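S.K.: run-v3.pdb is reproduced in full below (PDB, C-alpha atoms).
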```
ATOM      1  CA  MET A  33      47.079  28.483  -0.561  1.00  0.00           C
ATOM      2  CA  VAL A  34      49.987  28.984   1.864  1.00  0.00           C
ATOM      3  CA  GLN A  35      52.440  26.201   2.647  1.00  0.00           C
ATOM      4  CA  ALA A  36      55.161  26.023   5.279  1.00  0.00           C
ATOM      5  CA  TYR A  37      57.682  23.723   6.853  1.00  0.00           C
ATOM      6  CA  ILE A  38      57.421  23.500  10.622  1.00  0.00           C
ATOM      7  CA  LEU A  39      60.664  22.469  12.327  1.00  0.00           C
ATOM      8  CA  ILE A  40      60.029  20.903  15.718  1.00  0.00           C
ATOM      9  CA  GLN A  41      62.207  20.100  18.706  1.00  0.00           C
ATOM     10  CA  THR A  42      60.801  17.516  21.116  1.00  0.00           C
ATOM     11  CA  GLU A  43      61.562  16.062  24.502  1.00  0.00           C
ATOM     12  CA  VAL A  44      63.994  13.141  24.344  1.00  0.00           C
ATOM     13  CA  GLY A  45      62.309  10.011  23.016  1.00  0.00           C
ATOM     14  CA  LYS A  46      59.094  11.759  21.921  1.00  0.00           C
ATOM     15  CA  ALA A  47      59.810  12.470  18.227  1.00  0.00           C
ATOM     16  CA  SER A  48      57.961   9.461  16.833  1.00  0.00           C
ATOM     17  CA  ALA A  49      54.852  10.033  18.947  1.00  0.00           C
ATOM     18  CA  VAL A  50      54.823  13.747  18.098  1.00  0.00           C
ATOM     19  CA  ALA A  51      55.139  13.017  14.358  1.00  0.00           C
ATOM     20  CA  ASP A  52      52.279  10.499  14.536  1.00  0.00           C
ATOM     21  CA  VAL A  53      49.914  12.921  16.278  1.00  0.00           C
ATOM     22  CA  ILE A  54      50.782  15.897  14.075  1.00  0.00           C
ATOM     23  CA  GLY A  55      50.568  13.797  10.913  1.00  0.00           C
ATOM     24  CA  SER A  56      46.862  13.254  11.568  1.00  0.00           C
ATOM     25  CA  LEU A  57      45.998  16.962  11.955  1.00  0.00           C
ATOM     26  CA  PRO A  58      43.940  18.633   9.199  1.00  0.00           C
ATOM     27  CA  GLY A  59      46.202  20.800   7.064  1.00  0.00           C
ATOM     28  CA  VAL A  60      49.300  18.679   7.661  1.00  0.00           C
ATOM     29  CA  LEU A  61      50.588  17.155   4.445  1.00  0.00           C
ATOM     30  CA  GLN A  62      53.511  15.229   5.939  1.00  0.00           C
ATOM     31  CA  ALA A  63      55.252  14.762   9.289  1.00  0.00           C
ATOM     32  CA  GLU A  64      58.605  12.985   9.482  1.00  0.00           C
ATOM     33  CA  ASP A  65      61.074  12.103  12.250  1.00  0.00           C
ATOM     34  CA  VAL A  66      64.527  13.417  11.361  1.00  0.00           C
ATOM     35  CA  THR A  67      67.982  13.640  12.901  1.00  0.00           C
ATOM     36  CA  GLY A  68      69.905  16.830  13.556  1.00  0.00           C
ATOM     37  CA  PRO A  69      68.981  19.957  15.512  1.00  0.00           C
ATOM     38  CA  TYR A  70      65.256  19.300  14.904  1.00  0.00           C
ATOM     39  CA  ASP A  71      63.423  16.077  15.684  1.00  0.00           C
ATOM     40  CA  VAL A  72      60.359  16.375  13.427  1.00  0.00           C
ATOM     41  CA  ILE A  73      59.775  18.273  10.184  1.00  0.00           C
ATOM     42  CA  VAL A  74      56.222  18.946   9.069  1.00  0.00           C
ATOM     43  CA  ARG A  75      54.877  20.237   5.756  1.00  0.00           C
ATOM     44  CA  ALA A  76      51.563  22.011   6.241  1.00  0.00           C
ATOM     45  CA  GLN A  77      49.158  24.098   4.207  1.00  0.00           C
ATOM     46  CA  ALA A  78      46.317  26.500   4.881  1.00  0.00           C
ATOM     47  CA  ASP A  79      44.170  28.932   2.940  1.00  0.00           C
ATOM     48  CA  THR A  80      45.786  32.055   4.459  1.00  0.00           C
ATOM     49  CA  VAL A  81      48.784  33.025   6.578  1.00  0.00           C
ATOM     50  CA  ASP A  82      46.406  33.633   9.486  1.00  0.00           C
ATOM     51  CA  ASP A  83      44.955  30.131   9.124  1.00  0.00           C
ATOM     52  CA  LEU A  84      48.485  28.731   9.049  1.00  0.00           C
ATOM     53  CA  GLY A  85      49.307  30.622  12.242  1.00  0.00           C
ATOM     54  CA  ARG A  86      46.202  29.231  13.924  1.00  0.00           C
ATOM     55  CA  LEU A  87      47.193  25.698  12.869  1.00  0.00           C
ATOM     56  CA  VAL A  88      50.641  26.115  14.414  1.00  0.00           C
ATOM     57  CA  VAL A  89      49.551  27.852  17.633  1.00  0.00           C
ATOM     58  CA  ALA A  90      46.200  26.166  18.289  1.00  0.00           C
ATOM     59  CA  GLU A  91      46.992  22.643  17.090  1.00  0.00           C
ATOM     60  CA  VAL A  92      50.672  21.826  16.565  1.00  0.00           C
ATOM     61  CA  GLN A  93      52.122  23.575  19.629  1.00  0.00           C
ATOM     62  CA  LYS A  94      49.594  21.890  21.917  1.00  0.00           C
ATOM     63  CA  VAL A  95      50.903  18.394  21.112  1.00  0.00           C
ATOM     64  CA  ASP A  96      52.493  16.827  24.179  1.00  0.00           C
ATOM     65  CA  GLY A  97      56.278  16.518  23.989  1.00  0.00           C
ATOM     66  CA  ILE A  98      57.044  19.583  21.852  1.00  0.00           C
ATOM     67  CA  THR A  99      59.571  22.012  23.284  1.00  0.00           C
ATOM     68  CA  ARG A 100      60.016  24.455  20.356  1.00  0.00           C
ATOM     69  CA  THR A 101      58.762  25.126  16.833  1.00  0.00           C
ATOM     70  CA  LEU A 102      60.069  27.202  13.943  1.00  0.00           C
ATOM     71  CA  THR A 103      57.697  27.906  11.049  1.00  0.00           C
ATOM     72  CA  CYS A 104      59.242  28.502   7.620  1.00  0.00           C
ATOM     73  CA  PRO A 105      56.694  29.657   5.007  1.00  0.00           C
ATOM     74  CA  VAL A 106      57.322  28.525   1.443  1.00  0.00           C
ATOM     75  CA  VAL A 107      57.911  31.435  -0.963  1.00  0.00           C
ATOM     76  CA  HIS A 108      57.729  31.429  -4.729  1.00  0.00           C
ATOM     77  CA  LEU A 109      60.279  33.847  -6.177  1.00  0.00           C
TER      78      LEU A 109
END
```
Represent the structure from my file as structure tokens, please.

M.R.:
Amino acid sequence: MVQAYILIQTEVGKASAVADVIGSLPGVLQAEDVTGPYDVIVRAQADTVDDLGRLVVAEVQKVDGITRTLTCPVVHL
């Protein structure tokens, strides 16, 4: 299982709506509105890195109001 944090920048005023939509996607464990340089932080999981990439590109990035994403895979050292 691969997990990652997805840091999301949104259009002004869209953070809450973006978090609500993304929070309902399969593979998303949590989606929260935050303050700072990012507007939404998501914790997601998938079976493989490729599946995680498909989740981000095919599902998350298509949500209306998103301007940029940064995916940070969780590592276990």

S.K.: Taking the file as I've supplied it (selection: the PyMOL selection byres ((chain A and resi 60-75) around 8)), which residues are included? Please answer as a ChimeraX atom specification.

M.R.: /A:35-42,47-48,50-52,54-59,76-77

S.K.: Between atom CA of Leu109 of chain A and atom CA of Ala78 of chain A, what is the distance in Å, rounded to a tenth?

M.R.: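 Atom CA of Ala78 of chain A lies 19.3 Å from atom CA of Leu109 of chain A.
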
S.K.: Let me make sure I understand: among A:Val81, A:Val44, A:Val53, A:Met33, which one has the smallest atom-to-atom distance to Thr103 of chain A if we use all atoms listed in the file?

M.R.: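 When distances to Thr103 of chain A are compared using all atoms listed in the file, the smallest one comes from A:Val81.
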
S.K.: For Ile98 of chain A, which residue out of A:Arg86, A:Asp79, A:Glu43, A:Ala49 is the nearest one, using all atoms listed in the file?

M.R.: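 Among the listed residues, the smallest separation from Ile98 of chain A belongs to A:Glu43.
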
S.K.: Give the centre and edge lengths of an axis-aligned box, in Å to one decimal, that holds all listed atoms of segment 78-89 of chain A with 5 Å on each side, as AutoDock Vina command-line options.

M.R.:
```
--center_x 47.4 --center_y 29.7 --center_z 10.3 --size_x 16.5 --size_y 17.9 --size_z 24.7
```
